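Source file run19.cif; content: mmCIF, C-alpha atoms.
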data_coords
loop_
_atom_site.label_atom_id
_atom_site.label_comp_id
_atom_site.auth_asym_id
_atom_site.auth_seq_id
_atom_site.Cartn_x
_atom_site.Cartn_y
_atom_site.Cartn_z
CA MET A 1 -35.36 197.25 163.81
CA ALA A 2 -31.57 197.05 163.48
CA PHE A 3 -31.00 198.89 166.78
CA ASP A 4 -33.24 196.71 168.95
CA SER A 5 -30.33 194.99 170.69
CA LEU A 6 -28.51 198.29 171.29
CA SER A 7 -31.73 199.92 172.55
CA ASP A 8 -32.27 197.07 175.04
CA LYS A 9 -28.73 197.36 176.38
CA LEU A 10 -28.89 201.15 176.68
CA SER A 11 -32.28 200.92 178.44
CA SER A 12 -30.73 198.52 180.93
CA VAL A 13 -27.76 200.85 181.53
CA PHE A 14 -29.92 203.94 182.04
CA LYS A 15 -32.35 202.03 184.26
CA LYS A 16 -29.49 201.38 186.71
CA LEU A 17 -28.58 205.05 186.47
CA ARG A 18 -32.10 206.23 187.36
CA SER A 19 -32.11 204.13 190.51
CA LYS A 20 -29.29 206.27 191.96
CA GLY A 21 -30.11 209.55 193.66
CA LYS A 22 -26.61 210.96 193.21
CA LEU A 23 -23.83 210.13 190.79
CA GLY A 24 -20.13 210.05 191.52
CA GLU A 25 -17.25 210.04 189.05
CA HIS A 26 -16.95 206.26 189.44
CA ASP A 27 -20.65 205.83 188.45
CA VAL A 28 -20.18 207.86 185.25
CA LYS A 29 -17.03 205.88 184.33
CA GLU A 30 -18.88 202.60 184.88
CA VAL A 31 -21.83 203.76 182.75
CA MET A 32 -19.49 204.87 179.93
CA ARG A 33 -17.72 201.50 180.03
CA GLU A 34 -21.05 199.68 179.64
CA ILE A 35 -22.14 202.04 176.85
CA ARG A 36 -18.84 201.47 175.01
CA LEU A 37 -19.35 197.70 175.24
CA ALA A 38 -22.95 198.07 173.97
CA LEU A 39 -21.75 200.12 171.00
CA LEU A 40 -19.02 197.62 170.15
CA GLU A 41 -21.51 194.75 170.32
CA ALA A 42 -23.70 196.75 167.91
CA ASP A 43 -20.80 196.67 165.40
CA VAL A 44 -19.79 200.30 165.89
CA SER A 45 -16.15 200.94 164.96
CA TYR A 46 -13.85 200.73 168.03
CA LYS A 47 -12.39 204.21 167.44
CA VAL A 48 -15.85 205.74 166.96
CA ALA A 49 -17.16 204.05 170.15
CA LYS A 50 -14.12 205.19 172.15
CA ASP A 51 -14.22 208.79 170.89
CA PHE A 52 -17.98 208.96 171.45
CA THR A 53 -17.91 207.79 175.08
CA ASN A 54 -14.94 210.09 175.82
CA SER A 55 -16.91 213.03 174.43
CA VAL A 56 -19.99 212.13 176.52
CA SER A 57 -17.82 211.80 179.65
CA GLU A 58 -16.29 215.25 179.10
CA LYS A 59 -19.72 216.82 178.62
CA CYS A 60 -21.02 215.13 181.78
CA VAL A 61 -18.25 216.74 183.82
CA GLY A 62 -18.89 220.11 182.15
CA GLU A 63 -22.63 219.94 182.91
CA LYS A 64 -21.91 219.27 186.60
CA VAL A 65 -23.94 216.09 186.56
CA PHE A 66 -22.83 215.24 190.06
CA GLU A 67 -24.58 218.35 191.44
CA SER A 68 -27.69 218.01 189.30
CA LEU A 69 -31.08 217.26 190.93
CA THR A 70 -31.78 214.69 188.17
CA PRO A 71 -28.33 213.35 187.23
CA ALA A 72 -29.67 210.37 185.25
CA GLN A 73 -31.82 212.62 183.04
CA THR A 74 -28.88 214.97 182.48
CA VAL A 75 -26.64 212.09 181.35
CA ILE A 76 -29.37 210.75 179.03
CA LYS A 77 -29.85 214.22 177.50
CA ILE A 78 -26.12 214.59 176.89
CA PHE A 79 -25.99 211.07 175.44
CA ARG A 80 -28.90 211.81 173.09
CA ASP A 81 -27.34 215.08 171.90
CA GLU A 82 -23.98 213.41 171.24
CA LEU A 83 -25.67 210.47 169.47
CA THR A 84 -27.50 212.93 167.22
CA ALA A 85 -24.23 214.74 166.49
CA LEU A 86 -22.52 211.42 165.72
CA MET A 87 -25.10 210.76 162.98
CA GLY A 88 -24.90 214.27 161.54
CA ASN A 89 -27.12 216.56 163.69
CA GLU A 90 -29.41 217.72 160.87
CA GLN A 91 -31.16 215.91 158.05
CA ALA A 92 -29.06 215.96 154.87
CA ARG A 93 -30.90 216.73 151.64
CA LEU A 94 -30.16 216.01 147.99
CA LYS A 95 -28.40 218.75 146.06
CA THR A 96 -30.46 219.99 143.12
CA SER A 97 -29.17 221.35 139.84
CA ASN A 98 -30.24 224.75 138.48
CA LYS A 99 -30.92 223.00 135.15
CA ILE A 100 -32.73 219.72 134.54
CA PRO A 101 -32.07 216.94 135.19
CA THR A 102 -30.53 216.68 138.65
CA VAL A 103 -28.32 213.59 138.26
CA ILE A 104 -28.01 211.03 141.09
CA MET A 105 -25.54 208.17 140.74
CA LEU A 106 -26.00 205.16 143.00
CA CYS A 107 -22.89 203.08 143.62
CA GLY A 108 -21.84 200.27 145.94
CA LEU A 109 -20.82 196.63 146.08
CA GLN A 110 -22.79 193.89 144.36
CA GLY A 111 -25.74 192.71 146.46
CA SER A 112 -26.04 195.92 148.47
CA GLY A 113 -29.42 196.70 146.90
CA LYS A 114 -28.53 199.48 144.42
CA THR A 115 -31.13 198.57 141.78
CA THR A 116 -33.99 198.17 144.27
CA HIS A 117 -33.08 201.37 146.09
CA ALA A 118 -32.76 203.28 142.82
CA ALA A 119 -36.42 202.37 142.24
CA LYS A 120 -37.35 203.18 145.87
CA LEU A 121 -35.70 206.60 145.61
CA ALA A 122 -37.42 207.26 142.27
CA LYS A 123 -40.78 206.43 143.85
CA HIS A 124 -39.98 208.66 146.83
CA LEU A 125 -39.18 211.57 144.49
CA LYS A 126 -42.30 210.93 142.41
CA ALA A 127 -44.45 211.07 145.58
CA LYS A 128 -42.98 214.54 146.23
CA GLY A 129 -44.21 215.78 142.84
CA HIS A 130 -41.05 215.27 140.76
CA ARG A 131 -40.72 213.52 137.38
CA PRO A 132 -37.82 211.09 137.88
CA MET A 133 -36.30 208.75 135.31
CA LEU A 134 -34.09 205.69 135.82
CA ALA A 135 -31.08 204.80 133.65
CA ALA A 136 -29.65 201.26 133.47
CA CYS A 137 -25.85 201.55 133.66
CA ASP A 138 -25.17 198.06 135.06
CA ILE A 139 -24.17 196.06 131.98
CA TYR A 140 -22.53 193.11 133.78
CA ARG A 141 -24.96 191.55 136.24
CA PRO A 142 -27.31 189.11 134.51
CA ALA A 143 -30.84 190.52 134.20
CA ALA A 144 -29.89 193.81 135.95
CA ILE A 145 -31.44 195.86 133.14
CA GLU A 146 -34.55 193.69 133.09
CA GLN A 147 -34.92 194.01 136.87
CA LEU A 148 -34.76 197.80 136.65
CA LYS A 149 -37.36 197.82 133.85
CA VAL A 150 -39.73 195.66 135.92
CA LEU A 151 -39.30 197.91 138.97
CA GLY A 152 -39.76 201.02 136.83
CA GLU A 153 -43.03 199.64 135.48
CA GLN A 154 -44.26 198.87 139.02
CA ILE A 155 -43.71 202.47 140.19
CA GLY A 156 -44.68 204.15 136.92
CA VAL A 157 -41.24 205.63 136.22
CA PRO A 158 -39.60 205.36 132.76
CA VAL A 159 -36.31 203.44 132.40
CA PHE A 160 -33.68 204.50 129.87
CA GLU A 161 -31.52 201.61 128.65
CA LYS A 162 -29.22 200.97 125.71
CA GLY A 163 -28.26 197.35 126.30
CA THR A 164 -24.63 196.58 127.02
CA GLN A 165 -23.01 199.69 125.55
CA LYS A 166 -20.50 201.54 127.75
CA PRO A 167 -22.19 202.97 130.88
CA GLU A 168 -20.70 206.45 130.39
CA ILE A 169 -22.30 206.66 126.90
CA THR A 170 -25.67 205.45 128.26
CA ALA A 171 -25.47 208.06 131.06
CA LYS A 172 -24.75 210.86 128.56
CA GLN A 173 -27.65 209.84 126.30
CA ALA A 174 -29.96 209.49 129.34
CA VAL A 175 -29.20 213.07 130.42
CA ALA A 176 -30.06 214.37 126.93
CA TYR A 177 -33.28 212.32 126.89
CA ALA A 178 -34.32 213.51 130.37
CA LYS A 179 -33.70 217.12 129.34
CA ASP A 180 -35.80 216.75 126.16
CA TYR A 181 -38.71 215.07 127.94
CA GLY A 182 -38.77 217.20 131.12
CA HIS A 183 -37.58 214.67 133.70
CA ASP A 184 -36.17 216.73 136.58
CA PHE A 185 -34.33 213.82 138.29
CA LEU A 186 -32.20 211.14 136.62
CA LEU A 187 -31.06 208.16 138.71
CA LEU A 188 -28.11 206.15 137.39
CA ASP A 189 -28.05 202.50 138.51
CA THR A 190 -24.40 201.49 138.20
CA ALA A 191 -22.63 198.13 138.36
CA GLY A 192 -21.14 196.68 141.54
CA ARG A 193 -18.47 194.11 142.28
CA LEU A 194 -18.00 191.52 144.99
CA HIS A 195 -15.10 193.63 146.23
CA ILE A 196 -13.60 197.05 145.56
CA ASP A 197 -11.23 196.95 142.58
CA THR A 198 -9.62 199.33 140.10
CA GLU A 199 -11.90 198.30 137.25
CA LEU A 200 -15.04 199.17 139.22
CA MET A 201 -13.73 202.56 140.33
CA ASP A 202 -12.41 203.46 136.86
CA GLU A 203 -15.84 202.83 135.37
CA LEU A 204 -17.58 205.00 137.97
CA ILE A 205 -15.03 207.79 137.42
CA ARG A 206 -15.68 207.63 133.64
CA VAL A 207 -19.41 208.06 134.28
CA THR A 208 -18.81 211.12 136.50
CA LYS A 209 -16.60 212.62 133.79
CA SER A 210 -19.14 212.02 131.01
CA VAL A 211 -22.03 213.78 132.82
CA GLU A 212 -22.37 216.29 135.62
CA VAL A 213 -23.36 214.17 138.64
CA ASN A 214 -25.00 216.26 141.36
CA ASN A 215 -25.25 213.52 144.00
CA ILE A 216 -23.15 210.39 144.39
CA LEU A 217 -24.96 208.11 146.84
CA LEU A 218 -23.27 205.04 148.26
CA VAL A 219 -25.62 202.13 149.01
CA ILE A 220 -24.46 200.11 152.03
CA ASP A 221 -25.98 196.91 153.39
CA SER A 222 -26.24 197.28 157.18
CA MET A 223 -25.69 193.51 157.52
CA VAL A 224 -22.04 194.00 156.45
CA GLY A 225 -21.29 195.36 159.93
CA GLN A 226 -17.97 197.03 160.68
CA ASP A 227 -16.71 196.33 157.16
CA SER A 228 -19.20 198.95 155.94
CA VAL A 229 -16.86 201.60 157.36
CA ASN A 230 -13.98 200.36 155.17
CA ILE A 231 -16.27 200.21 152.13
CA ALA A 232 -17.54 203.75 152.71
CA LYS A 233 -14.01 205.09 153.22
CA ALA A 234 -12.71 203.41 150.03
CA PHE A 235 -15.53 204.79 147.87
CA ASN A 236 -15.28 208.24 149.46
CA ASP A 237 -11.50 208.47 148.99
CA ILE A 238 -11.82 207.89 145.24
CA LEU A 239 -15.26 209.27 144.31
CA GLU A 240 -15.94 211.88 147.03
CA ILE A 241 -19.47 210.64 147.76
CA ASP A 242 -22.24 213.05 148.82
CA GLY A 243 -24.22 210.73 151.05
CA VAL A 244 -25.21 207.21 152.01
CA ILE A 245 -28.31 205.05 151.64
CA ILE A 246 -28.21 202.38 154.34
CA THR A 247 -30.33 199.28 153.70
CA LYS A 248 -32.03 196.59 155.80
CA LEU A 249 -32.46 198.73 158.91
CA ASP A 250 -35.70 196.82 159.54
CA GLY A 251 -33.83 193.55 160.10
CA ASP A 252 -32.08 192.08 163.11
CA THR A 253 -28.68 193.49 162.12
CA ARG A 254 -26.83 195.35 164.85
CA GLY A 255 -26.92 198.70 163.04
CA GLY A 256 -23.38 199.82 163.87
CA ALA A 257 -22.83 200.96 160.28
CA ALA A 258 -25.36 203.79 160.72
CA LEU A 259 -23.45 205.08 163.75
CA SER A 260 -19.97 204.72 162.22
CA VAL A 261 -20.23 205.88 158.59
CA ARG A 262 -20.74 209.60 159.32
CA ALA A 263 -17.89 209.71 161.83
CA VAL A 264 -15.42 207.96 159.50
CA THR A 265 -16.28 209.60 156.14
CA GLY A 266 -17.81 212.89 157.24
CA LYS A 267 -20.66 212.14 154.80
CA PRO A 268 -24.28 211.93 155.99
CA ILE A 269 -26.79 209.10 155.78
CA MET A 270 -29.56 210.51 153.57
CA PHE A 271 -31.98 207.60 153.33
CA ALA A 272 -32.65 204.31 155.10
CA GLY A 273 -34.20 201.19 153.59
CA VAL A 274 -36.62 199.78 156.18
CA GLY A 275 -38.31 196.92 154.34
CA GLU A 276 -38.66 194.95 151.14
CA LYS A 277 -41.53 196.93 149.59
CA LEU A 278 -40.84 199.80 147.20
CA ASP A 279 -42.48 202.18 149.71
CA ASP A 280 -40.03 201.19 152.43
CA LEU A 281 -37.57 204.08 152.16
CA GLU A 282 -37.31 206.76 154.83
CA GLU A 283 -35.50 210.06 154.92
CA PHE A 284 -32.83 209.78 157.62
CA HIS A 285 -33.27 212.20 160.54
CA PRO A 286 -30.36 211.91 163.04
CA ASP A 287 -32.35 213.41 165.94
CA ARG A 288 -35.32 211.11 165.36
CA MET A 289 -33.10 208.04 165.01
CA ALA A 290 -31.32 208.94 168.27
CA SER A 291 -34.72 209.11 170.02
CA ARG A 292 -35.71 205.72 168.61
CA ILE A 293 -32.45 204.13 169.74
CA LEU A 294 -33.09 205.47 173.26
CA GLY A 295 -36.68 204.13 173.21
CA MET A 296 -38.21 207.63 173.09
CA GLY A 297 -40.08 206.92 169.86
CA ASP A 298 -40.34 208.89 166.64
CA VAL A 299 -43.81 210.40 166.54
CA LEU A 300 -42.95 212.90 163.77
CA SER A 301 -42.00 210.11 161.35
CA LEU A 302 -45.15 208.22 162.31
CA ILE A 303 -47.29 211.30 161.55
CA GLU A 304 -45.53 211.73 158.19
CA LYS A 305 -46.16 208.06 157.38
CA VAL A 306 -49.85 208.42 158.26
CA GLU A 307 -50.17 211.56 156.12
CA THR A 308 -48.53 209.80 153.17
CA GLU A 309 -50.31 206.44 153.34
CA ILE A 310 -53.76 207.11 154.78
CA ASP A 311 -56.59 207.99 152.40
CA GLU A 312 -57.81 211.31 153.83
CA LYS A 313 -61.23 211.09 152.18
CA LYS A 314 -61.85 207.62 153.63
CA ALA A 315 -60.56 208.76 157.03
CA LEU A 316 -63.06 211.65 157.10
CA GLU A 317 -65.89 209.34 156.05
CA THR A 318 -64.94 206.92 158.85
CA ALA A 319 -64.81 209.78 161.38
CA LYS A 320 -68.28 210.89 160.31
CA ARG A 321 -69.67 207.36 160.71
CA LEU A 322 -68.05 207.17 164.15
CA GLU A 323 -69.72 210.44 165.16
CA GLU A 324 -73.12 209.13 163.99
CA ASN A 325 -72.50 205.75 165.64
CA LYS A 326 -72.84 203.97 162.26
CA PHE A 327 -69.42 202.29 162.33
CA ASP A 328 -69.76 198.69 161.09
CA LEU A 329 -67.47 195.79 160.15
CA ASN A 330 -66.98 197.14 156.61
CA ASP A 331 -65.42 200.24 158.18
CA LEU A 332 -63.26 198.07 160.40
CA LEU A 333 -62.02 196.15 157.35
CA ASP A 334 -61.16 199.48 155.65
CA GLN A 335 -59.17 200.51 158.73
CA PHE A 336 -57.14 197.29 158.57
CA GLU A 337 -56.37 197.97 154.89
CA GLN A 338 -55.17 201.49 155.76
CA ILE A 339 -52.94 200.20 158.57
CA LYS A 340 -51.40 197.51 156.32
CA LYS A 341 -50.31 200.22 153.86
CA MET A 342 -48.16 201.76 156.61
CA GLY A 343 -46.03 198.65 157.14
CA ASN A 344 -45.78 196.01 159.85
CA ILE A 345 -47.19 196.71 163.29
CA LYS A 346 -43.85 196.29 165.09
CA SER A 347 -42.22 199.07 163.05
CA LEU A 348 -45.19 201.37 163.79
CA ILE A 349 -45.12 200.59 167.52
CA SER A 350 -41.35 201.23 167.64
CA MET A 351 -42.08 204.84 166.61
CA LEU A 352 -44.19 205.41 169.73
CA PRO A 353 -42.57 206.54 172.99
CA GLY A 354 -41.75 203.39 174.95
CA GLY A 355 -42.56 201.24 171.92
CA ALA A 356 -39.04 199.82 171.84
CA ASN A 357 -39.72 198.23 175.24
CA ILE A 358 -42.58 196.13 173.87
CA ARG A 359 -41.35 192.62 173.22
CA GLU A 360 -41.76 191.08 169.78
CA GLU A 361 -43.63 188.09 171.23
CA ASP A 362 -46.28 190.51 172.59
CA ILE A 363 -47.15 191.60 169.04
CA ASP A 364 -49.15 189.07 167.05
CA GLU A 365 -48.99 190.18 163.40
CA ARG A 366 -51.15 187.21 162.40
CA ALA A 367 -54.00 188.25 164.70
CA MET A 368 -54.97 191.08 162.35
CA LEU A 369 -54.88 188.66 159.39
CA ARG A 370 -57.19 186.27 161.25
CA THR A 371 -59.56 189.13 162.05
CA GLU A 372 -59.55 190.15 158.37
CA ALA A 373 -60.28 186.56 157.35
CA ILE A 374 -63.25 186.43 159.75
CA ILE A 375 -64.77 189.66 158.38
CA LYS A 376 -64.15 188.62 154.75
CA SER A 377 -65.97 185.32 155.42
CA MET A 378 -69.15 187.30 156.18
CA THR A 379 -71.76 188.38 153.65
CA LYS A 380 -72.31 192.09 152.94
CA LYS A 381 -75.44 192.02 155.07
CA GLU A 382 -73.60 190.42 158.01
CA ARG A 383 -70.85 193.05 157.86
CA SER A 384 -73.27 195.97 157.79
CA LYS A 385 -75.68 194.41 160.34
CA PRO A 386 -73.61 192.23 162.72
CA GLU A 387 -76.65 191.77 164.97
CA VAL A 388 -77.95 189.11 162.53
CA LEU A 389 -75.01 186.81 163.39
CA ASN A 390 -76.67 183.85 165.11
CA ALA A 391 -74.91 180.63 166.17
CA SER A 392 -75.19 178.87 162.78
CA ARG A 393 -73.88 181.91 160.89
CA ARG A 394 -70.93 182.23 163.27
CA LYS A 395 -70.13 178.55 162.80
CA ARG A 396 -70.15 179.01 159.01
CA ILE A 397 -67.93 182.12 159.24
CA ALA A 398 -65.42 180.33 161.51
CA ALA A 399 -65.16 177.43 159.04
CA GLY A 400 -64.69 179.84 156.11
CA ALA A 401 -61.95 181.80 157.91
CA GLY A 402 -60.18 178.73 159.28
CA VAL A 403 -60.61 179.84 162.91
CA THR A 404 -62.60 178.70 165.93
CA VAL A 405 -66.12 179.89 166.77
CA GLU A 406 -64.67 181.34 169.98
CA GLU A 407 -62.42 183.66 167.92
CA VAL A 408 -65.47 184.88 165.99
CA ASN A 409 -67.31 185.45 169.28
CA LYS A 410 -64.31 187.31 170.72
CA LEU A 411 -64.21 189.65 167.72
CA MET A 412 -67.91 190.37 168.05
CA ARG A 413 -67.58 191.09 171.79
CA GLN A 414 -64.78 193.56 171.05
CA TYR A 415 -66.89 195.14 168.33
CA GLU A 416 -69.83 195.57 170.71
CA GLN A 417 -67.56 197.13 173.38
CA MET A 418 -66.23 199.53 170.79
CA LYS A 419 -69.77 200.50 169.70
CA LYS A 420 -70.68 201.25 173.33
CA MET A 421 -67.58 203.41 173.72
CA PHE A 422 -68.43 205.36 170.56
CA LYS A 423 -71.99 205.90 171.82
CA GLN A 424 -70.66 207.31 175.11
CA LEU A 425 -68.34 209.64 173.19
CA GLY A 426 -71.24 210.81 171.02
CA GLY A 427 -73.98 213.25 171.95
CA LYS A 428 -73.75 217.04 171.96
CA ASN A 429 -69.96 217.23 172.02
CA GLY A 430 -69.45 214.07 169.97
CA LYS A 431 -67.88 215.82 167.01
CA ARG A 432 -65.37 217.67 169.15
CA ARG A 433 -64.49 214.52 171.11
CA PHE A 434 -64.07 212.34 168.01
CA GLY A 435 -61.98 215.01 166.32
CA LYS A 436 -59.62 215.00 169.29
CA LYS A 437 -59.53 211.31 170.08
CA PHE A 438 -59.93 209.50 166.76
CA PRO A 439 -59.16 211.76 163.76
CA GLY A 440 -60.24 209.13 161.24
CA GLY A 441 -58.29 206.39 162.99
CA MET A 442 -59.13 203.23 164.85
CA PRO A 443 -58.54 202.83 168.60
CA GLY A 444 -56.76 199.81 169.97
CA GLY A 445 -58.31 196.74 171.54
CA PHE A 446 -58.56 194.52 168.47
CA PRO A 447 -56.33 191.48 167.98
CA GLY A 448 -52.75 192.41 167.23
CA PHE A 449 -53.01 195.94 168.73
#
Go through the file and emit its structure as structure tokens.
Amino acid sequence: MAFDSLSDKLSSVFKKLRSKGKLGEHDVKEVMREIRLALLEADVSYKVAKDFTNSVSEKCVGEKVFESLTPAQTVIKIFRDELTALMGNEQARLKTSNKIPTVIMLCGLQGSGKTTHAAKLAKHLKAKGHRPMLAACDIYRPAAIEQLKVLGEQIGVPVFEKGTQKPEITAKQAVAYAKDYGHDFLLLDTAGRLHIDTELMDELIRVTKSVEVNNILLVIDSMVGQDSVNIAKAFNDILEIDGVIITKLDGDTRGGAALSVRAVTGKPIMFAGVGEKLDDLEEFHPDRMASRILGMGDVLSLIEKVETEIDEKKALETAKRLEENKFDLNDLLDQFEQIKKMGNIKSLISMLPGGANIREEDIDERAMLRTEAIIKSMTKKERSKPEVLNASRRKRIAAGAGVTVEEVNKLMRQYEQMKKMFKQLGGKNGKRRFGKKFPGGMPGGFPGF
């Protein structure tokens, strides 16, 4: 995650704070100095970092931290509240039109990910029951129209394109088409430039004059760092943007853009790109992001991800088999498939309280792949009746999966331990226990977890 480095530094600062029974004014000043340095290293604008720490310091004095029984917790609470406020306090939502379609124009510099995120946003809206349509208004970048058509086909969303005619004409025709065919959202993928220039802005202004645009969303690459603030300000001054989509928050960027944009432009971050897949777009919740930065996790987002990605019917079937102690390696393979849909393990663990403290080297993403390979190297009979796995069969499975026999044996030992645990949880109150402990999910203990 982009904020990993900042989270580590803040954890270190607050750890020192917790070791002190009482805090003096000097302690608070020292903590604020370290926090300011951590924010600057995370690419937060100097003015934003300075104003933020000043505000936290004032609140600390007002809350009488020095007299508090738990001064460290009081400072952390104030810090979290101010961090949430810095990013906008409440989740910002798209404005909808009282007549179809609601028009969303995506703008930004070339290479920021506009086309991909237009498709991601369309898929996000489709998952919520809407009928979105994409319109190709980038007539300059080679293969931009073709890329949008390919992405549209992948997500099952139609793409309106009229070749290299003027973007404002294409936008106008797209609105008429969307209205006639009942598409309630129209997303305009516009052209970008390597830098902000008059020609780029004039074209975007012409598009906004040709159709009624309900949401102008600026797509910003979080890897740009502090320059993202200047980009956001320039676009906002001319176009009056409604919100921001920040990309690549799953990478090792320092994430300062997410903390600076709202303070500088007054416009909220609405969505965050957290991966390369077309599913990897999250609604931006300032309070949840503040909790993640402070290592407190984001359980609500994790629950939402589970509800979206997990097949409920399969989950109930798995729960039933667990209750009846019939869980076999086919079920385990299904569980791995369900987990893979939700993204990489590190991003899931980071949503759990304390998950940010788990080091990357402690998470072996490849372990789950090896386990999958082992199970897939078995026959149907071996998966459903693992007790038939004798030494020669295990040797054959290890060779087929490209692993050692010991790894096959280790998996089987873990499977047997899990079966015993399920048996102990069964009995008269088995259903109630399983419903509480494993609502269709798989407990930890297997490689990679």
Output of the PyMOL selection byres ((chain A and resi 263-265) around 7), listed as a list in words: Val48, Leu86, Val229, Ala232, Lys233, Asn236, Ser260, Val261, Arg262, Gly266 and Lys267 of chain A
Selection result of the PyMOL selection byres ((chain A and resi 169-172) around 12) on this file, as a PyMOL selection string: chain A and resi 101+103-105+133-139+159-168+173-179+186-190+203-204+206-213
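For the atom pair formed by atom CA of A:Thr404 and atom CA of A:Arg370, the distance is 10.4 Å, given to one decimal.
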Written as a VMD selection string, which residues does the PyMOL selection byres ((chain A and resi 73-82) around 10) give for the file shown? chain A and resid 10 14 17 to 18 28 31 35 52 to 53 55 to 57 59 to 61 63 to 66 68 to 72 83 to 89 286 to 287 289 to 291 293 to 294
For stretch 216-226 of chain A, work out the shell of residues within 7 Å, counting all atoms listed in the file and skipping chain neighbours fewer than 2 positions away, then give it as a PDB file with C-alpha atoms, in the coordinates of the input.
ATOM      1  CA  ASP A  43     -20.800 196.670 165.400  1.00  0.00           C
ATOM      2  CA  VAL A  44     -19.790 200.300 165.890  1.00  0.00           C
ATOM      3  CA  SER A  45     -16.150 200.940 164.960  1.00  0.00           C
ATOM      4  CA  ILE A 104     -28.010 211.030 141.090  1.00  0.00           C
ATOM      5  CA  MET A 105     -25.540 208.170 140.740  1.00  0.00           C
ATOM      6  CA  LEU A 106     -26.000 205.160 143.000  1.00  0.00           C
ATOM      7  CA  CYS A 107     -22.890 203.080 143.620  1.00  0.00           C
ATOM      8  CA  GLY A 108     -21.840 200.270 145.940  1.00  0.00           C
ATOM      9  CA  SER A 112     -26.040 195.920 148.470  1.00  0.00           C
ATOM     10  CA  GLY A 113     -29.420 196.700 146.900  1.00  0.00           C
ATOM     11  CA  LYS A 114     -28.530 199.480 144.420  1.00  0.00           C
ATOM     12  CA  VAL A 213     -23.360 214.170 138.640  1.00  0.00           C
ATOM     13  CA  ASN A 214     -25.000 216.260 141.360  1.00  0.00           C
ATOM     14  CA  SER A 228     -19.200 198.950 155.940  1.00  0.00           C
ATOM     15  CA  VAL A 229     -16.860 201.600 157.360  1.00  0.00           C
ATOM     16  CA  ILE A 241     -19.470 210.640 147.760  1.00  0.00           C
ATOM     17  CA  ASP A 242     -22.240 213.050 148.820  1.00  0.00           C
ATOM     18  CA  GLY A 243     -24.220 210.730 151.050  1.00  0.00           C
ATOM     19  CA  VAL A 244     -25.210 207.210 152.010  1.00  0.00           C
ATOM     20  CA  ILE A 245     -28.310 205.050 151.640  1.00  0.00           C
ATOM     21  CA  ILE A 246     -28.210 202.380 154.340  1.00  0.00           C
ATOM     22  CA  THR A 247     -30.330 199.280 153.700  1.00  0.00           C
ATOM     23  CA  LYS A 248     -32.030 196.590 155.800  1.00  0.00           C
ATOM     24  CA  LEU A 249     -32.460 198.730 158.910  1.00  0.00           C
ATOM     25  CA  THR A 253     -28.680 193.490 162.120  1.00  0.00           C
ATOM     26  CA  GLY A 255     -26.920 198.700 163.040  1.00  0.00           C
ATOM     27  CA  GLY A 256     -23.380 199.820 163.870  1.00  0.00           C
ATOM     28  CA  ALA A 257     -22.830 200.960 160.280  1.00  0.00           C
TER      29      ALA A 257
END
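Relative to atom CA of A:Lys50, atom CA of A:Asp27 is found at 17.6 Å.
Compared by their closest atoms to A:Gln147, and using all atoms listed in the file, the residues A:Ala119, A:Met418, A:Leu329, A:Ala234 rank with A:Ala119 nearest.
Nearest residue to A:Ser7, choosing from A:Lys29, A:Arg292, A:Lys277, A:Glu283 and counting only C-alpha atoms: A:Arg292.
The nearest approach to A:Met378 among the residues A:Ile231, A:Ala42, A:Ala398, A:Leu37, with all atoms listed in the file taken into account, belongs to A:Ala398.
One distance worth recording is that between atom CA of A:Ala401 and atom CA of A:Glu276, which is 27.6 Å.
Remark: for A:Ala191, the closest of the candidate residues A:Ala373, A:Met421, A:Glu25, A:Ala143 is A:Ala143 (distances computed over only C-alpha atoms).
Distances here use all atoms listed in the file; by that measure, the residue among A:Asp184, A:Pro142, A:Lys123, A:Gln417 closest to A:Ile155 is A:Lys123.
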How big is the axis-aligned box, and where does its centre sit, when it encloses all atoms of stretch 257-266 of chain A listed in the file and has 5 Å added on every side, reported in Å to one decimal as lines of an AutoDock Vina configuration file?
center_x = -20.4
center_y = 206.9
center_z = 159.9
size_x = 19.9
size_y = 21.9
size_z = 17.6
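Taking only C-alpha atoms into account, A:Leu194 lies nearest to A:Leu109 out of the set A:Leu109, A:Ile238, A:Leu281, A:Leu151.
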